[in-house]
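File shown: my_file-v6.cif (mmCIF, C-alpha atoms).
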```cif
data_coords
loop_
_atom_site.group_PDB
_atom_site.id
_atom_site.type_symbol
_atom_site.label_atom_id
_atom_site.label_comp_id
_atom_site.auth_asym_id
_atom_site.auth_seq_id
_atom_site.Cartn_x
_atom_site.Cartn_y
_atom_site.Cartn_z
ATOM 1 C CA MET A 1 113.801 118.067 82.344
ATOM 2 C CA LYS A 2 113.912 119.675 78.911
ATOM 3 C CA TYR A 3 110.280 118.739 78.366
ATOM 4 C CA PHE A 4 109.123 120.562 81.498
ATOM 5 C CA ILE A 5 111.233 123.654 80.794
ATOM 6 C CA SER A 6 109.664 123.893 77.345
ATOM 7 C CA ILE A 7 106.274 124.468 78.990
ATOM 8 C CA SER A 8 105.484 128.126 79.575
ATOM 9 C CA GLY A 9 105.797 129.121 83.240
ATOM 10 C CA ILE A 10 108.014 126.207 84.335
ATOM 11 C CA GLY A 11 111.622 127.045 85.119
ATOM 12 C CA GLN A 12 114.574 124.837 86.118
ATOM 13 C CA VAL A 13 113.657 124.633 89.808
ATOM 14 C CA LYS A 14 110.025 123.637 89.132
ATOM 15 C CA ALA A 15 111.180 121.121 86.491
ATOM 16 C CA LEU A 16 113.527 119.482 89.020
ATOM 17 C CA GLN A 17 110.703 119.361 91.582
ATOM 18 C CA LEU A 18 108.430 117.648 89.081
ATOM 19 C CA LEU A 19 111.128 115.101 88.217
ATOM 20 C CA ALA A 20 111.636 114.415 91.930
ATOM 21 C CA ILE A 21 107.888 113.834 92.382
ATOM 22 C CA ILE A 22 107.801 111.427 89.447
ATOM 23 C CA GLU A 23 110.788 109.496 90.819
ATOM 24 C CA LEU A 24 109.349 109.342 94.338
ATOM 25 C CA SER A 25 105.924 108.155 93.169
ATOM 26 C CA GLY A 26 107.563 105.401 91.127
ATOM 27 C CA ARG A 27 109.525 104.226 94.143
ATOM 28 C CA ILE A 28 106.440 104.230 96.349
ATOM 29 C CA GLN A 29 104.462 102.165 93.851
ATOM 30 C CA SER A 30 107.247 99.652 93.283
ATOM 31 C CA SER A 31 107.967 98.963 96.964
ATOM 32 C CA PRO A 32 105.248 96.775 98.479
ATOM 33 C CA GLU A 33 103.852 97.820 101.827
ATOM 34 C CA LYS A 34 105.014 95.588 104.652
ATOM 35 C CA GLN A 35 102.016 93.541 105.662
ATOM 36 C CA PRO A 36 101.525 92.546 109.314
ATOM 37 C CA LEU A 37 102.667 89.213 110.717
ATOM 38 C CA LEU A 38 99.533 87.481 112.031
ATOM 39 C CA ASN A 39 100.955 84.376 113.657
ATOM 40 C CA SER A 40 99.007 84.431 116.924
ATOM 41 C CA PRO A 41 95.449 85.152 118.065
ATOM 42 C CA GLN A 42 96.709 88.110 120.112
ATOM 43 C CA LYS A 43 98.278 89.739 117.032
ATOM 44 C CA ILE A 44 95.132 89.176 114.992
ATOM 45 C CA TYR A 45 93.014 90.709 117.748
ATOM 46 C CA GLN A 46 95.329 93.725 118.090
ATOM 47 C CA PHE A 47 95.337 94.214 114.338
ATOM 48 C CA PHE A 48 91.564 94.060 114.020
ATOM 49 C CA GLU A 49 89.817 95.072 117.265
ATOM 50 C CA ASN A 50 89.407 98.746 116.332
ATOM 51 C CA LYS A 51 87.634 97.805 113.108
ATOM 52 C CA THR A 52 84.938 95.838 114.940
ATOM 53 C CA ILE A 53 84.413 97.712 118.197
ATOM 54 C CA ARG A 54 81.509 99.904 117.035
ATOM 55 C CA LEU A 55 79.792 97.472 114.696
ATOM 56 C CA ASP A 56 76.176 96.703 115.525
ATOM 57 C CA ILE A 57 75.865 93.894 112.984
ATOM 58 C CA GLU A 58 77.836 90.701 112.598
ATOM 59 C CA LYS A 59 80.438 90.657 109.834
ATOM 60 C CA VAL A 60 82.823 87.964 108.642
ATOM 61 C CA TRP A 61 86.306 88.449 107.208
ATOM 62 C CA VAL A 62 88.858 86.111 105.721
ATOM 63 C CA PHE A 63 92.520 86.902 106.259
ATOM 64 C CA CYS A 64 94.605 85.371 103.464
ATOM 65 C CA LEU A 65 98.126 84.604 104.641
ATOM 66 C CA ASN A 66 101.337 83.560 102.964
ATOM 67 C CA ARG A 67 103.590 80.689 104.010
ATOM 68 C CA LYS A 68 105.162 82.781 106.810
ATOM 69 C CA ASN A 69 101.767 84.021 108.114
ATOM 70 C CA TYR A 70 102.072 87.534 106.748
ATOM 71 C CA LEU A 71 98.808 89.054 105.627
ATOM 72 C CA ILE A 72 98.381 89.050 101.857
ATOM 73 C CA ASN A 73 94.921 90.601 101.969
ATOM 74 C CA LYS A 74 91.714 90.597 103.982
ATOM 75 C CA TYR A 75 88.208 90.357 102.608
ATOM 76 C CA GLU A 76 84.826 91.003 104.142
ATOM 77 C CA ILE A 77 82.811 88.069 102.884
ATOM 78 C CA THR A 78 79.473 88.659 104.554
ATOM 79 C CA SER A 79 77.558 91.160 106.590
ATOM 80 C CA GLY A 80 74.630 89.946 108.616
ATOM 81 C CA ILE A 81 72.129 91.171 111.105
ATOM 82 C CA ALA A 82 72.512 91.933 114.781
ATOM 83 C CA THR A 83 72.455 88.291 115.813
ATOM 84 C CA SER A 84 73.865 86.237 112.950
ATOM 85 C CA SER A 85 75.737 86.124 109.682
ATOM 86 C CA LEU A 86 75.835 83.533 106.947
ATOM 87 C CA ILE A 87 79.230 81.854 106.518
ATOM 88 C CA HIS A 88 79.573 79.504 103.568
ATOM 89 C CA GLN A 89 82.801 77.659 102.769
ATOM 90 C CA ARG A 90 82.592 78.623 99.081
ATOM 91 C CA GLU A 91 82.752 82.323 99.998
ATOM 92 C CA VAL A 92 85.456 81.760 102.592
ATOM 93 C CA PHE A 93 87.837 80.000 100.233
ATOM 94 C CA ARG A 94 87.086 81.942 97.035
ATOM 95 C CA ALA A 95 89.605 84.735 97.661
ATOM 96 C CA ALA A 96 92.139 82.332 99.155
ATOM 97 C CA ILE A 97 92.130 80.214 96.009
ATOM 98 C CA ARG A 98 92.324 83.255 93.733
ATOM 99 C CA LEU A 99 95.334 84.632 95.629
ATOM 100 C CA GLY A 100 97.048 81.264 95.920
ATOM 101 C CA CYS A 101 97.552 81.701 99.643
ATOM 102 C CA THR A 102 98.607 78.822 101.864
ATOM 103 C CA ALA A 103 96.514 79.605 104.936
ATOM 104 C CA ILE A 104 93.535 81.592 106.132
ATOM 105 C CA VAL A 105 92.077 82.892 109.348
ATOM 106 C CA VAL A 106 88.333 83.478 109.535
ATOM 107 C CA VAL A 107 87.387 86.320 111.850
ATOM 108 C CA HIS A 108 83.960 87.536 112.801
ATOM 109 C CA ASN A 109 82.549 89.823 115.424
ATOM 110 C CA HIS A 110 79.783 89.380 117.924
ATOM 111 C CA PRO A 111 77.994 92.740 118.241
ATOM 112 C CA SER A 112 76.981 91.816 121.795
ATOM 113 C CA GLY A 113 80.662 91.956 122.726
ATOM 114 C CA ASP A 114 80.638 88.412 124.114
ATOM 115 C CA PRO A 115 83.170 86.367 122.111
ATOM 116 C CA CYS A 116 81.900 83.003 123.354
ATOM 117 C CA PRO A 117 81.047 80.747 120.393
ATOM 118 C CA SER A 118 77.501 79.751 119.588
ATOM 119 C CA LYS A 119 76.521 76.269 118.424
ATOM 120 C CA ALA A 120 76.317 77.684 114.893
ATOM 121 C CA ASP A 121 79.887 79.025 115.185
ATOM 122 C CA ILE A 122 81.157 75.589 116.213
ATOM 123 C CA GLU A 123 79.326 73.869 113.337
ATOM 124 C CA VAL A 124 80.631 76.369 110.777
ATOM 125 C CA ALA A 125 84.184 75.917 112.046
ATOM 126 C CA LYS A 126 83.903 72.140 111.676
ATOM 127 C CA THR A 127 82.674 72.516 108.099
ATOM 128 C CA LEU A 128 85.511 74.918 107.276
ATOM 129 C CA VAL A 129 88.110 72.517 108.686
ATOM 130 C CA LYS A 130 86.820 69.729 106.421
ATOM 131 C CA SER A 131 86.826 72.033 103.401
ATOM 132 C CA SER A 132 90.320 73.332 104.144
ATOM 133 C CA LYS A 133 91.694 69.794 104.126
ATOM 134 C CA ILE A 134 90.100 69.034 100.776
ATOM 135 C CA ILE A 135 91.496 72.114 99.029
ATOM 136 C CA CYS A 136 94.832 72.167 100.897
ATOM 137 C CA ILE A 137 94.541 75.665 102.321
ATOM 138 C CA GLU A 138 95.085 75.508 106.056
ATOM 139 C CA LEU A 139 92.505 77.058 108.363
ATOM 140 C CA LEU A 140 94.876 78.463 110.984
ATOM 141 C CA ASP A 141 92.148 79.819 113.206
ATOM 142 C CA PHE A 142 88.495 80.717 113.490
ATOM 143 C CA MET A 143 88.202 83.748 115.744
ATOM 144 C CA ILE A 144 85.372 85.667 117.320
ATOM 145 C CA ILE A 145 86.079 89.279 118.224
ATOM 146 C CA GLY A 146 84.193 90.828 121.106
ATOM 147 C CA LYS A 147 84.942 93.376 123.792
ATOM 148 C CA LYS A 148 87.406 92.886 126.649
ATOM 149 C CA SER A 149 84.985 94.457 129.109
ATOM 150 C CA ILE A 150 82.302 91.852 128.329
ATOM 151 C CA ASP A 151 84.548 88.823 127.798
ATOM 152 C CA PRO A 152 84.619 86.605 130.935
ATOM 153 C CA LEU A 153 88.338 85.984 130.266
ATOM 154 C CA GLN A 154 89.018 89.693 129.579
ATOM 155 C CA LYS A 155 90.811 88.862 126.291
ATOM 156 C CA GLY A 156 88.225 90.323 123.942
ATOM 157 C CA TYR A 157 88.403 87.400 121.543
ATOM 158 C CA ASN A 158 87.862 83.683 121.289
ATOM 159 C CA SER A 159 90.335 81.643 119.304
ATOM 160 C CA PHE A 160 89.153 78.195 118.266
ATOM 161 C CA ARG A 161 92.798 77.170 117.810
ATOM 162 C CA GLU A 162 93.722 78.168 121.383
ATOM 163 C CA ASN A 163 90.668 76.387 122.730
ATOM 164 C CA ASN A 164 91.298 73.198 120.711
ATOM 165 C CA LEU A 165 88.038 73.568 118.789
ATOM 166 C CA LEU A 166 89.698 73.136 115.385
#
```

Final structure tokens representation of the file:
Amino acid sequence: MKYFISISGIGQVKALQLLAIIELSGRIQSSPEKQPLLNSPQKIYQFFENKTIRLDIEKVWVFCLNRKNYLINKYEITSGIATSSLIHQREVFRAAIRLGCTAIVVVHNHPSGDPCPSKADIEVAKTLVKSSKIICIELLDFMIIGKKSIDPLQKGYNSFRENNLL
């Protein structure tokens, strides 16, 4: 406090306010933000649907999870065109390996709004399952996000885990 008071124009009250700001900012930085629990396709969809609803190109994200399925971080790994996006296992697992996470969920959108998987989606998922076993990072799910209004099941997403495609 003495340091602040020694500066021209700063009195005791302002010095105390500055000390309070410094203390509060330190506490905010030292307390990690509670990350969401993503242990079901419904929770993943709820967490992410607003980020994909207006996209007119296909994008792919990897959700890196800890042992209890809390999100560590999410990464956009590719951005494609209106009808496709390139998904390569090297890009999918790069961030997961760097973070030392135990599991991932791969999520991508279909700009058409229809979350039904294409043949390419099914092939990519199979490749990712094989890769996940080799590097010991579990692929918990491969999800396609669409729109509830277009989805025949009115869910707005397609979970390969729920549909026994993994």

Of the residues A:Asn164, A:Ser159, A:Thr102, A:Thr78, which is the one nearest to A:Lys43, using only C-alpha atoms? A:Ser159

Explicit residue set for the PyMOL selection byres ((chain A and resi 160) around 10), as an MDAnalysis selection string: chainID A and resid 41 117 121:122 125 140:144 157:159 161:166

Please dump the current selection as a tab-separated table (two decimals), in the frame of the given file; keep C-alpha atoms.
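Okay, result_20.tsv is ready:
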```tsv
chain	number	residue	atom	x	y	z
A	41	PRO	CA	95.45	85.15	118.06
A	117	PRO	CA	81.05	80.75	120.39
A	121	ASP	CA	79.89	79.03	115.18
A	122	ILE	CA	81.16	75.59	116.21
A	125	ALA	CA	84.18	75.92	112.05
A	140	LEU	CA	94.88	78.46	110.98
A	141	ASP	CA	92.15	79.82	113.21
A	142	PHE	CA	88.50	80.72	113.49
A	143	MET	CA	88.20	83.75	115.74
A	144	ILE	CA	85.37	85.67	117.32
A	157	TYR	CA	88.40	87.40	121.54
A	158	ASN	CA	87.86	83.68	121.29
A	159	SER	CA	90.34	81.64	119.30
A	161	ARG	CA	92.80	77.17	117.81
A	162	GLU	CA	93.72	78.17	121.38
A	163	ASN	CA	90.67	76.39	122.73
A	164	ASN	CA	91.30	73.20	120.71
A	165	LEU	CA	88.04	73.57	118.79
A	166	LEU	CA	89.70	73.14	115.38
```

So the first atom is atom CA of A:Leu139 and the second is atom CA of A:Lys155; what is the distance between them in Å, to one decimal place? 21.5 Å

Which polymer residues have any atom within 6 Å of an atom of A:Gly113, counting all atoms listed in the file, with same-chain residues fewer than 6 positions away left out, as a list of chain:residue names?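 Skipping anything fewer than 6 positions along the chain leaves A:Gly146, A:Lys147, A:Ile150.
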
Among listed residues A:Leu16, A:Val62, A:Ile21, A:Leu55, nearest A:Ala95 (using all atoms listed in the file):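 Closest candidate: A:Val62.
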
Which residues of stretch 15-108 of chain A sit at most 9 Å from stretch 128-134 of chain A, using all atoms listed in the file? Give each one's shortest atom pair and distance in Å (one decimal place), in chain and ascending residue order, as CSV.
```
residue,atom,partner,partner_atom,distance
A:His88,CA,A:Leu128,CA,8.4
A:Gln89,CA,A:Leu128,CA,5.9
A:Arg90,CA,A:Ser131,CA,8.9
A:Val92,CA,A:Leu128,CA,8.3
A:Phe93,CA,A:Ser132,CA,8.1
A:Ala103,CA,A:Ser132,CA,8.9
```

What is the atom CA of A:Glu138 to atom CA of A:Ile53 distance in Å? 27.5 Å
